[in-house]
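Colleague: Sharing query-v7.cif here; it has mmCIF, C-alpha atoms and all ligand atoms.
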```
data_run
loop_
_atom_site.label_atom_id
_atom_site.label_comp_id
_atom_site.auth_asym_id
_atom_site.auth_seq_id
_atom_site.Cartn_x
_atom_site.Cartn_y
_atom_site.Cartn_z
CA MET Q 252 67.61 213.68 63.80
CA LYS Q 253 63.90 214.25 63.35
CA LYS Q 254 62.47 212.13 60.61
CA HIS Q 255 59.27 212.85 58.83
CA PHE Q 256 58.13 210.29 56.34
CA ILE Q 257 55.25 210.63 53.96
CA THR Q 258 54.44 208.17 51.25
CA LEU Q 259 51.69 208.80 48.79
CA THR Q 260 50.22 205.49 47.81
CA ALA Q 261 50.79 204.68 44.21
CA ILE Q 262 47.56 204.49 42.35
CA PHE Q 263 47.29 202.42 39.26
CA LEU Q 264 44.06 202.70 37.37
CA SER Q 265 43.51 200.58 34.39
CA VAL Q 266 40.65 201.26 32.10
CA ALA Q 267 39.32 198.62 29.83
CA PHE Q 268 37.27 199.77 26.94
CA ILE Q 269 36.03 198.57 23.63
CA THR Q 270 37.42 200.42 20.65
CA ALA Q 271 35.32 201.45 17.70
CA CYS Q 272 36.47 198.37 15.80
CA GLY Q 273 35.39 196.11 18.63
CA GLN Q 274 38.86 195.19 19.96
CA LYS Q 275 39.33 195.17 23.72
CA GLU Q 276 42.32 197.15 24.97
CA THR Q 277 43.69 198.01 28.39
CA VAL Q 278 44.97 201.53 28.88
CA GLU Q 279 46.87 202.77 31.88
CA ALA Q 280 44.91 205.96 32.43
CA VAL Q 281 46.46 207.35 35.61
CA LYS Q 282 49.68 206.47 37.32
CA GLU Q 283 50.59 208.44 40.41
CA VAL Q 284 54.21 207.84 41.35
CA ALA Q 285 55.03 207.58 45.04
CA LEU Q 286 56.72 210.64 46.49
CA THR Q 287 58.74 210.27 49.66
CA THR Q 288 59.58 213.25 51.83
CA GLU Q 289 62.08 212.84 54.59
CA ASN Q 290 64.22 215.26 56.56
CA LYS Q 291 67.52 213.52 56.19
CA THR Q 292 70.16 216.11 55.56
CA THR Q 293 71.69 218.74 57.77
CA VAL Q 294 72.83 222.10 56.44
CA SER Q 295 75.77 223.76 58.09
CA ILE Q 296 75.64 227.53 57.82
CA ASN Q 297 78.60 229.90 57.96
CA ASN Q 298 81.12 227.21 57.32
CA GLY Q 299 80.06 224.94 60.14
CA THR Q 300 79.29 227.31 63.02
CA THR Q 301 75.54 226.64 62.94
CA THR Q 302 73.61 223.61 61.85
CA VAL Q 303 70.00 223.54 60.70
CA GLU Q 304 67.86 221.06 58.86
CA ALA Q 305 66.59 221.48 55.35
CA ASN Q 306 63.64 219.80 53.69
CA VAL Q 307 64.69 216.98 51.45
CA SER Q 308 62.54 215.09 48.96
CA THR Q 309 63.40 211.95 47.07
CA TYR Q 310 61.35 211.40 43.95
CA ALA Q 311 60.40 207.84 43.13
CA ILE Q 312 60.86 208.38 39.42
CA ASP Q 313 60.69 205.15 37.44
CA GLY Q 314 63.71 203.77 35.66
CA LEU Q 315 66.51 206.23 36.44
CA SER Q 316 69.80 204.63 35.38
CA THR Q 317 73.06 206.34 36.34
CA PRO Q 318 71.37 209.78 36.26
CA GLU Q 319 73.97 212.45 35.55
CA SER Q 320 72.20 215.74 34.98
CA VAL Q 321 68.84 217.42 35.64
CA VAL Q 322 66.91 220.39 34.26
CA VAL Q 323 63.55 221.76 35.44
CA ARG Q 324 61.43 223.26 32.67
CA ASN Q 325 57.79 224.49 32.90
CA GLY Q 326 57.21 222.49 36.08
CA ALA Q 327 58.55 219.24 34.60
CA ILE Q 328 61.77 217.53 35.64
CA TYR Q 329 64.13 216.20 32.97
CA VAL Q 330 66.98 213.85 33.88
CA ALA Q 331 69.81 212.67 31.60
CA ASN Q 332 70.59 209.00 32.21
CA ILE Q 333 73.82 207.42 30.98
CA GLY Q 334 72.31 203.94 31.35
CA GLY Q 335 75.60 202.30 32.36
CA ASN Q 336 79.24 203.13 32.90
CA PRO Q 337 80.25 206.34 31.13
CA GLY Q 338 82.15 205.48 27.96
CA GLU Q 339 80.66 201.97 27.84
CA SER Q 340 77.08 202.98 27.25
CA ALA Q 341 76.68 203.35 23.49
CA GLY Q 342 72.96 203.40 22.72
CA LYS Q 343 72.00 203.05 26.39
CA GLY Q 344 71.49 206.74 27.23
CA PHE Q 345 68.08 208.41 27.48
CA ILE Q 346 66.27 211.34 29.06
CA THR Q 347 63.55 210.91 31.67
CA GLU Q 348 60.63 213.34 31.72
CA TYR Q 349 58.74 213.55 35.03
CA LYS Q 350 55.61 215.62 34.54
CA ASN Q 351 52.29 215.63 36.42
CA ASN Q 352 53.47 212.63 38.47
CA THR Q 353 54.03 210.61 35.32
CA THR Q 354 57.36 209.29 34.12
CA LYS Q 355 58.25 208.99 30.43
CA GLN Q 356 61.55 207.78 28.98
CA LEU Q 357 62.58 209.81 25.94
CA PHE Q 358 65.09 209.15 23.14
CA LEU Q 359 65.60 205.47 23.99
CA GLY Q 360 68.28 204.03 21.72
CA LEU Q 361 69.34 207.45 20.41
CA LEU Q 362 71.78 208.61 23.08
CA ASP Q 363 75.11 207.20 24.25
CA ASP Q 364 76.50 209.04 27.23
CA PRO Q 365 74.24 212.05 27.89
CA LYS Q 366 75.41 214.45 30.58
CA GLY Q 367 74.84 218.24 30.55
CA PHE Q 368 71.90 219.51 28.50
CA ALA Q 369 69.81 222.64 27.98
CA PHE Q 370 66.55 223.61 26.32
CA LEU Q 371 66.74 225.67 23.12
CA ASP Q 372 62.93 225.99 23.25
CA ASP Q 373 60.12 224.04 24.95
CA ASP Q 374 60.49 221.17 22.48
CA THR Q 375 64.20 221.16 21.66
CA ILE Q 376 67.21 220.11 23.72
CA ILE Q 377 70.95 220.37 23.09
CA VAL Q 378 72.89 217.66 24.90
CA SER Q 379 76.52 216.76 25.55
CA ASP Q 380 76.40 213.09 24.52
CA HIS Q 381 80.01 211.87 24.48
CA PRO Q 382 81.53 211.63 21.89
CA ASN Q 383 78.99 213.93 20.18
CA VAL Q 384 76.87 216.99 20.79
CA LYS Q 385 73.27 216.51 19.61
CA ILE Q 386 70.10 218.53 19.13
CA ILE Q 387 67.05 216.41 19.92
CA LYS Q 388 63.32 217.14 19.59
CA ILE Q 389 60.90 215.87 22.23
CA SER Q 390 57.64 215.85 20.22
CA THR Q 391 59.10 213.71 17.44
CA GLY Q 392 61.65 211.80 19.54
CA THR Q 393 64.30 212.42 16.90
CA VAL Q 394 67.85 213.70 16.61
CA LEU Q 395 67.88 216.89 14.51
CA ALA Q 396 71.65 217.44 14.38
CA THR Q 397 74.88 215.81 15.54
CA VAL Q 398 78.45 217.02 15.65
CA ALA Q 399 81.27 214.63 16.53
CA ILE Q 400 84.01 216.07 18.74
CA ASP Q 401 87.51 215.11 17.59
CA THR Q 402 88.79 212.36 19.96
CA PRO Q 403 87.26 213.78 23.14
CA GLY Q 404 88.52 212.58 26.52
CA PHE Q 405 85.36 212.64 28.63
CA MET Q 406 82.73 215.10 27.52
CA ASN Q 407 80.69 216.38 30.40
CA ASP Q 408 78.70 219.54 31.15
CA LEU Q 409 76.93 221.86 28.71
CA VAL Q 410 75.90 225.47 29.30
CA LEU Q 411 73.94 227.69 26.93
CA LEU Q 412 75.44 231.18 26.44
CA ASP Q 413 72.73 232.44 24.07
CA ASN Q 414 70.30 230.87 21.59
CA LYS Q 415 73.09 230.12 19.12
CA THR Q 416 76.01 229.17 21.38
CA ALA Q 417 76.69 226.42 23.91
CA LEU Q 418 79.86 225.49 25.75
CA VAL Q 419 80.75 221.87 26.52
CA SER Q 420 83.42 220.75 28.98
CA ASP Q 421 85.83 217.88 28.34
CA THR Q 422 86.89 216.54 31.73
CA GLY Q 423 89.44 214.13 30.28
CA LYS Q 424 91.26 216.65 28.15
CA GLY Q 425 90.69 219.71 30.33
CA LEU Q 426 89.17 221.65 27.44
CA VAL Q 427 86.03 223.65 26.69
CA TYR Q 428 84.36 223.54 23.26
CA LYS Q 429 82.26 226.32 21.78
CA VAL Q 430 79.34 224.78 19.86
CA SER Q 431 77.50 226.94 17.30
CA ILE Q 432 73.78 226.41 16.68
CA PRO Q 433 72.21 227.81 13.48
CA ALA Q 434 68.70 229.31 13.57
CA ASN Q 435 67.15 226.25 11.86
CA LYS Q 436 68.83 223.90 14.40
CA ALA Q 437 69.58 221.46 11.57
CA SER Q 438 73.36 221.28 12.07
CA LEU Q 439 76.08 221.95 14.61
CA SER Q 440 79.74 222.97 14.49
CA TYR Q 441 82.39 223.58 17.11
CA VAL Q 442 85.78 225.04 17.95
CA THR Q 443 87.94 224.64 21.06
CA VAL Q 444 87.93 227.75 23.28
CA ALA Q 445 91.47 229.14 23.38
CA GLY Q 446 93.05 229.83 26.76
CA ILE Q 447 91.44 227.08 28.86
CA THR Q 448 93.40 223.94 29.72
CA GLU Q 449 92.64 222.69 33.22
CA ASN Q 450 92.55 218.98 33.96
CA GLY Q 451 89.23 217.75 35.26
CA ILE Q 452 86.95 220.58 34.04
CA ASN Q 453 83.40 219.58 34.78
CA GLY Q 454 80.53 221.94 35.71
CA LEU Q 455 80.13 225.17 33.75
CA ALA Q 456 78.13 228.33 34.53
CA PHE Q 457 77.95 231.60 32.63
CA ASP Q 458 77.11 235.16 33.67
CA LYS Q 459 75.64 236.80 30.55
CA ASN Q 460 76.01 240.33 31.91
CA THR Q 461 79.75 240.18 32.52
CA LYS Q 462 80.56 237.36 30.04
CA THR Q 463 82.19 235.54 32.94
CA LEU Q 464 82.58 231.78 32.62
CA TYR Q 465 82.82 229.87 35.89
CA PHE Q 466 83.91 226.25 36.00
CA VAL Q 467 84.82 223.65 38.60
CA THR Q 468 87.49 220.99 38.33
CA SER Q 469 87.15 217.42 39.54
CA THR Q 470 89.37 214.47 40.29
CA PHE Q 471 87.58 212.57 37.51
CA GLY Q 472 90.24 213.72 35.03
CA GLY Q 473 92.82 211.68 36.93
CA ASP Q 474 94.44 214.42 39.05
CA ALA Q 475 93.68 213.83 42.75
CA THR Q 476 94.54 217.45 43.66
CA ARG Q 477 91.63 218.89 41.66
CA GLY Q 478 88.48 220.33 43.23
CA HIS Q 479 88.52 224.09 42.75
CA ILE Q 480 86.54 226.96 41.25
CA PHE Q 481 87.91 228.96 38.33
CA GLN Q 482 86.63 231.94 36.42
CA ALA Q 483 87.55 233.68 33.19
CA THR Q 484 86.09 236.38 30.95
CA LEU Q 485 85.19 235.32 27.43
CA ASN Q 486 85.75 237.52 24.38
CA ALA Q 487 82.86 238.82 22.25
CA ASP Q 488 82.45 235.71 20.09
CA TYR Q 489 83.23 233.28 22.93
CA THR Q 490 86.23 231.71 21.21
CA THR Q 491 88.90 232.93 23.65
CA ALA Q 492 89.10 233.15 27.44
CA SER Q 493 91.01 235.77 29.37
CA ALA Q 494 93.64 234.65 31.89
CA LEU Q 495 92.05 232.18 34.31
CA THR Q 496 91.50 233.10 37.96
CA LYS Q 497 91.62 230.21 40.42
CA TRP Q 498 89.61 230.87 43.59
CA ASN Q 499 91.68 230.72 46.74
CA THR Q 500 90.01 227.79 48.47
CA ASP Q 501 91.25 224.45 49.73
CA GLN Q 502 90.21 221.43 47.72
CA LEU Q 503 86.42 221.34 48.15
CA GLY Q 504 85.07 218.14 49.67
CA ALA Q 505 86.67 215.10 48.11
CA GLY Q 506 87.45 217.08 44.97
CA GLY Q 507 84.80 215.33 42.91
CA LEU Q 508 83.18 218.57 41.85
CA ASP Q 509 80.45 218.10 39.27
CA GLY Q 510 77.48 220.46 38.99
CA LEU Q 511 77.77 224.25 39.02
CA VAL Q 512 74.87 226.73 38.98
CA LEU Q 513 74.96 230.53 39.18
CA VAL Q 514 71.89 231.81 41.02
CA ASN Q 515 71.42 235.39 42.28
CA GLY Q 516 75.16 235.96 42.20
CA LYS Q 517 75.90 232.82 44.23
CA LEU Q 518 77.56 229.64 43.01
CA VAL Q 519 75.98 226.32 43.94
CA ILE Q 520 78.36 223.36 43.56
CA SER Q 521 78.04 219.62 44.02
CA ASP Q 522 80.78 217.26 45.19
CA TRP Q 523 80.50 213.49 44.74
CA GLY Q 524 82.30 212.81 47.97
CA ILE Q 525 84.77 209.96 48.36
CA ASN Q 526 84.18 207.70 45.39
CA GLY Q 527 81.93 204.79 46.28
CA ALA Q 528 81.25 206.02 49.83
CA LYS Q 529 77.63 206.30 50.90
CA ASN Q 530 76.30 209.64 52.19
CA ALA Q 531 79.61 211.42 51.57
CA ALA Q 532 78.48 213.95 48.95
CA HIS Q 533 78.21 217.70 49.53
CA VAL Q 534 76.57 220.77 48.11
CA TYR Q 535 78.36 224.08 48.62
CA VAL Q 536 77.04 227.60 48.17
CA PHE Q 537 79.53 230.42 47.67
CA ASN Q 538 78.74 234.14 47.89
CA ALA Q 539 79.71 236.55 45.11
CA ASP Q 540 82.64 237.71 47.30
CA ARG Q 541 83.96 234.11 47.13
CA SER Q 542 83.19 233.36 50.78
CA LEU Q 543 81.52 230.06 51.65
CA ALA Q 544 77.85 230.59 52.55
CA LEU Q 545 76.64 227.02 53.05
CA SER Q 546 77.89 223.49 53.21
CA VAL Q 547 75.22 220.83 52.80
CA ASN Q 548 76.04 217.34 53.95
CA GLY Q 549 74.25 214.33 55.25
CA MET Q 550 72.60 211.46 53.52
CA ILE Q 551 73.36 212.30 49.90
CA SER Q 552 75.55 210.09 47.73
CA GLY Q 553 77.30 210.38 44.37
CA VAL Q 554 75.67 213.71 43.50
CA ALA Q 555 76.33 214.53 39.84
CA ASP Q 556 75.22 217.59 37.85
CA ILE Q 557 72.65 219.65 39.76
CA THR Q 558 70.17 222.37 38.89
CA VAL Q 559 68.39 225.05 40.94
CA ASP Q 560 64.78 226.08 40.38
CA ASN Q 561 62.98 228.52 42.70
CA GLY Q 562 65.48 227.91 45.49
CA ILE Q 563 65.13 224.13 45.26
CA VAL Q 564 68.37 222.30 44.46
CA TYR Q 565 67.82 219.11 42.42
CA LEU Q 566 70.46 216.41 42.81
CA PRO Q 567 70.82 213.31 40.64
CA GLU Q 568 72.32 210.67 42.91
CA PHE Q 569 74.27 208.83 40.22
CA THR Q 570 75.17 205.81 42.30
CA GLN Q 571 71.69 205.50 43.84
CA ASN Q 572 69.63 205.82 40.64
CA GLN Q 573 67.47 208.45 42.24
CA LEU Q 574 66.70 212.15 42.18
CA THR Q 575 66.64 214.13 45.42
CA SER Q 576 65.89 217.77 46.07
CA ILE Q 577 66.84 220.08 48.93
CA ASP Q 578 64.93 223.24 49.73
CA LEU Q 579 67.46 226.09 50.09
CA LYS Q 580 64.98 228.92 49.32
CA GLU Q 581 65.95 230.68 52.50
CA TYR Q 582 69.59 230.92 51.42
CA LEU Q 583 69.55 231.41 47.62
CA CA H 1 78.85 216.56 35.09
#
```
Write the structure described by the file as structure tokens, please.
Ligand SMILES: [Ca+2]

Modeller:
Amino acid sequence: MKKHFITLTAIFLSVAFITACGQKETVEAVKEVALTTENKTTVSINNGTTTVEANVSTYAIDGLSTPESVVVRNGAIYVANIGGNPGESAGKGFITEYKNNTTKQLFLGLLDDPKGFAFLDDDTIIVSDHPNVKIIKISTGTVLATVAIDTPGFMNDLVLLDNKTALVSDTGKGLVYKVSIPANKASLSYVTVAGITENGINGLAFDKNTKTLYFVTSTFGGDATRGHIFQATLNADYTTASALTKWNTDQLGAGGLDGLVLVNGKLVISDWGINGAKNAAHVYVFNADRSLALSVNGMISGVADITVDNGIVYLPEFTQNQLTSIDLKEYL
């Protein structure tokens, strides 16, 4: 396979200056993080009949630690880091901001097990932080509101339905919670969505026009047969789901389905691959008619909750402590 390798040399500039009060300080003025670009993944089109290469980038972002979820906002990349084994990481979670080639770690000491998250505005995030859901504010680095979920199994993804409603999946219990957000963002409350009980629920996606909720199931809930796409229509206040429809596919990949994004009518899905195996992860793209459009495989490992921005798929490689992106503009 053709390999193309570019490394931008890291530049560290330190500026020493004398402050007004005469004290000497050293300030790190510019830090350019190395960016590596390498064609390392093949993309099989039409369910394996044709194979092409896609452009892959791995970002050398400082300090990623079991990265689970990623969001791109105003040109910046935000990554939720669990900071250890899920469920054993109280106080170890944080969010990485990668902006203008500079890495900043946000909310250190304030998060436990952050996974899915979404922006309520440019400065405010709502995050699934097992065993709580929290609203956090970037500019002040504070938690504005917390709601504890009643004995959750394994809280996972979060999707925003509108500016006052989020859904959170519970992979361990196979449930979905509806979280209500008041206009002042100072508190949170929740109810369990009636009509959804599917072991291993992980990634969530929502079509606002049709009120269709899509979700994928994973083996992480303890059932090795999981690994499918479901959809349901939600009622007007999002408290009840219609009868679930299970897509008629075989178990996808190794069944470790995690991220789910709806983009231009297509579903983009990540699969961890065989647990612990290197380079065994997949990304799948399904058409609106439920046919498989793309299967991405190659040198990607332990891919958790993905996002898509301008046709670029961003993949947190949980087991590798790195963020990779694949350019699928041509297909999305
Ligand atoms: Ca997830």

Colleague: Which residues of chain Q have any atom within 7 Å of an atom in ligand CA 1 (chain H) when counting all atoms listed in the file, and what is the closest pair of atoms for each, with the distance in Å to one decimal? Order the rows by chain and rising number and write it as JSON lines.

Modeller:
```
{"residue": "Q:Glu319", "atom": "CA", "partner": "H:CA1", "partner_atom": "CA", "distance": 6.4}
{"residue": "Q:Ser320", "atom": "CA", "partner": "H:CA1", "partner_atom": "CA", "distance": 6.7}
{"residue": "Q:Lys366", "atom": "CA", "partner": "H:CA1", "partner_atom": "CA", "distance": 6.1}
{"residue": "Q:Gly367", "atom": "CA", "partner": "H:CA1", "partner_atom": "CA", "distance": 6.3}
{"residue": "Q:Asn407", "atom": "CA", "partner": "H:CA1", "partner_atom": "CA", "distance": 5.0}
{"residue": "Q:Asp408", "atom": "CA", "partner": "H:CA1", "partner_atom": "CA", "distance": 4.9}
{"residue": "Q:Asn453", "atom": "CA", "partner": "H:CA1", "partner_atom": "CA", "distance": 5.5}
{"residue": "Q:Gly454", "atom": "CA", "partner": "H:CA1", "partner_atom": "CA", "distance": 5.7}
{"residue": "Q:Asp509", "atom": "CA", "partner": "H:CA1", "partner_atom": "CA", "distance": 4.7}
{"residue": "Q:Gly510", "atom": "CA", "partner": "H:CA1", "partner_atom": "CA", "distance": 5.7}
{"residue": "Q:Ala555", "atom": "CA", "partner": "H:CA1", "partner_atom": "CA", "distance": 5.7}
{"residue": "Q:Asp556", "atom": "CA", "partner": "H:CA1", "partner_atom": "CA", "distance": 4.7}
```

Colleague: Now that the selection is made, can you save its residues with C-alpha atoms as a short mmCIF file (atom, residue, chain, number, x, y, z; two decimals), in the frame of the given file?

Modeller:
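Now in out00.cif:
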```
data_model
loop_
_atom_site.label_atom_id
_atom_site.label_comp_id
_atom_site.auth_asym_id
_atom_site.auth_seq_id
_atom_site.Cartn_x
_atom_site.Cartn_y
_atom_site.Cartn_z
CA GLU Q 319 73.97 212.45 35.55
CA SER Q 320 72.20 215.74 34.98
CA LYS Q 366 75.41 214.45 30.58
CA GLY Q 367 74.84 218.24 30.55
CA ASN Q 407 80.69 216.38 30.40
CA ASP Q 408 78.70 219.54 31.15
CA ASN Q 453 83.40 219.58 34.78
CA GLY Q 454 80.53 221.94 35.71
CA ASP Q 509 80.45 218.10 39.27
CA GLY Q 510 77.48 220.46 38.99
CA ALA Q 555 76.33 214.53 39.84
CA ASP Q 556 75.22 217.59 37.85
#
```

Colleague: Name the closest residue to Thr558 of chain Q among the candidates Q:Val512, Q:Leu579, Q:Ala483, Q:Ala445; distances are taken between atoms, counting only C-alpha atoms.

Modeller: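 Closest residue, counting only C-alpha atoms: Q:Val512.
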
Colleague: If you count all atoms listed in the file, which residues fall within 9 Å of segment 459-473 of chain Q, apart from same-chain ones fewer than 3 positions away, as JSON, numbers by chain?

Modeller: {"Q": [404, 405, 412, 413, 420, 422, 423, 424, 425, 449, 450, 451, 452, 453, 454, 455, 456, 476, 477, 478, 479, 480, 481, 482, 483, 484, 485, 486, 487, 489, 492, 505, 506, 507, 508, 509, 510, 511, 513, 518, 520, 522]}

Colleague: Which residue gives the smallest distance to Thr347 of chain Q among Q:Met550, Q:Leu495, Q:Leu574, Q:Ala532, with only C-alpha atoms counted?

Modeller: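 So, comparing all the options, the nearest one is Q:Leu574.
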
Colleague: So how far away is atom CA of Asn499 of chain Q from atom CA of Asn530 of chain Q, in Å?

Modeller: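 Atom CA of Asn499 of chain Q lies at a distance of 26.7 Å from atom CA of Asn530 of chain Q.
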
Colleague: Smallest atom-to-atom distance to Lys580 of chain Q: which of Q:Ala305, Q:Ile346, Q:Ala311, Q:Val330, using all atoms listed in the file?

Modeller: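 Under the stated criterion, the closest residue is Q:Ala305.
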
Colleague: Using only C-alpha atoms, which residue out of Q:Gly549, Q:Gly392, Q:Gly314, Q:Gly504 lies closest to Gly334 of chain Q?

Modeller: Q:Gly314

Colleague: Rank Q:Val554, Q:Ile312, Q:Val442, Q:Ile328 by their smallest atom-to-atom distance to Asn526 of chain Q, using only C-alpha atoms, and report the top residue only.

Modeller: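 Among the listed residues, the smallest separation from Asn526 of chain Q belongs to Q:Val554.
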
Colleague: From the list Q:Thr443, Q:Ser379, Q:Thr391, Q:Ser576, which residue is nearest Thr309 of chain Q when using all atoms listed in the file?

Modeller: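 Of Q:Thr443, Q:Ser379, Q:Thr391, Q:Ser576, the one nearest Thr309 of chain Q, counting all atoms listed in the file, is Q:Ser576.
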
Colleague: Rounded to one decimal, what separation in Å do you get between atom CA of Ile377 of chain Q and atom CA of Ile557 of chain Q?

Modeller: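 Going from atom CA of Ile377 of chain Q over to atom CA of Ile557 of chain Q covers 16.8 Å.
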
Colleague: For atom CA of Leu315 of chain Q and atom CA of Ala331 of chain Q, determine how far apart the two atoms are, in Å to one decimal place.

Modeller: 8.7 Å

Colleague: Can you give me N, CA and C atoms for segment 554-573 of chain Q, written as a compact mmCIF listing (two decimals), in the coordinates of the input?

Modeller:
```
# COMPACT_ATOMS: atom_id res chain seq x y z
N VAL Q 554 76.47 212.65 44.14
CA VAL Q 554 75.67 213.71 43.50
C VAL Q 554 76.39 214.21 42.24
N ALA Q 555 75.73 214.10 41.10
CA ALA Q 555 76.33 214.53 39.84
C ALA Q 555 75.92 215.96 39.53
N ASP Q 556 75.44 216.22 38.32
CA ASP Q 556 75.22 217.59 37.85
C ASP Q 556 73.85 218.12 38.28
N ILE Q 557 73.86 219.15 39.10
CA ILE Q 557 72.65 219.65 39.76
C ILE Q 557 71.99 220.77 38.95
N THR Q 558 70.77 221.13 39.36
CA THR Q 558 70.17 222.37 38.89
C THR Q 558 69.46 223.04 40.06
N VAL Q 559 69.12 224.31 39.91
CA VAL Q 559 68.39 225.05 40.94
C VAL Q 559 67.18 225.68 40.28
N ASP Q 560 66.00 225.48 40.89
CA ASP Q 560 64.78 226.08 40.38
C ASP Q 560 63.99 226.60 41.57
N ASN Q 561 63.73 227.91 41.59
CA ASN Q 561 62.98 228.52 42.70
C ASN Q 561 63.55 228.16 44.07
N GLY Q 562 64.85 228.16 44.19
CA GLY Q 562 65.48 227.91 45.49
C GLY Q 562 65.55 226.44 45.88
N ILE Q 563 65.03 225.57 45.02
CA ILE Q 563 65.13 224.13 45.26
C ILE Q 563 66.32 223.60 44.47
N VAL Q 564 67.22 222.90 45.14
CA VAL Q 564 68.37 222.30 44.46
C VAL Q 564 68.02 220.84 44.14
N TYR Q 565 68.13 220.47 42.87
CA TYR Q 565 67.82 219.11 42.42
C TYR Q 565 69.12 218.35 42.22
N LEU Q 566 69.21 217.17 42.82
CA LEU Q 566 70.46 216.41 42.81
C LEU Q 566 70.27 215.01 42.25
N PRO Q 567 70.83 214.71 41.10
CA PRO Q 567 70.82 213.31 40.64
C PRO Q 567 71.86 212.53 41.44
N GLU Q 568 71.39 211.51 42.16
CA GLU Q 568 72.32 210.67 42.91
C GLU Q 568 72.70 209.50 42.00
N PHE Q 569 73.81 209.71 41.31
CA PHE Q 569 74.27 208.83 40.22
C PHE Q 569 74.36 207.38 40.66
N THR Q 570 74.93 207.17 41.84
CA THR Q 570 75.17 205.81 42.30
C THR Q 570 73.93 205.19 42.94
N GLN Q 571 72.90 206.01 43.18
CA GLN Q 571 71.69 205.50 43.84
C GLN Q 571 70.52 205.37 42.88
N ASN Q 572 70.71 205.81 41.63
CA ASN Q 572 69.63 205.82 40.64
C ASN Q 572 68.39 206.54 41.14
N GLN Q 573 68.62 207.68 41.78
CA GLN Q 573 67.47 208.45 42.24
C GLN Q 573 67.72 209.95 42.16
```
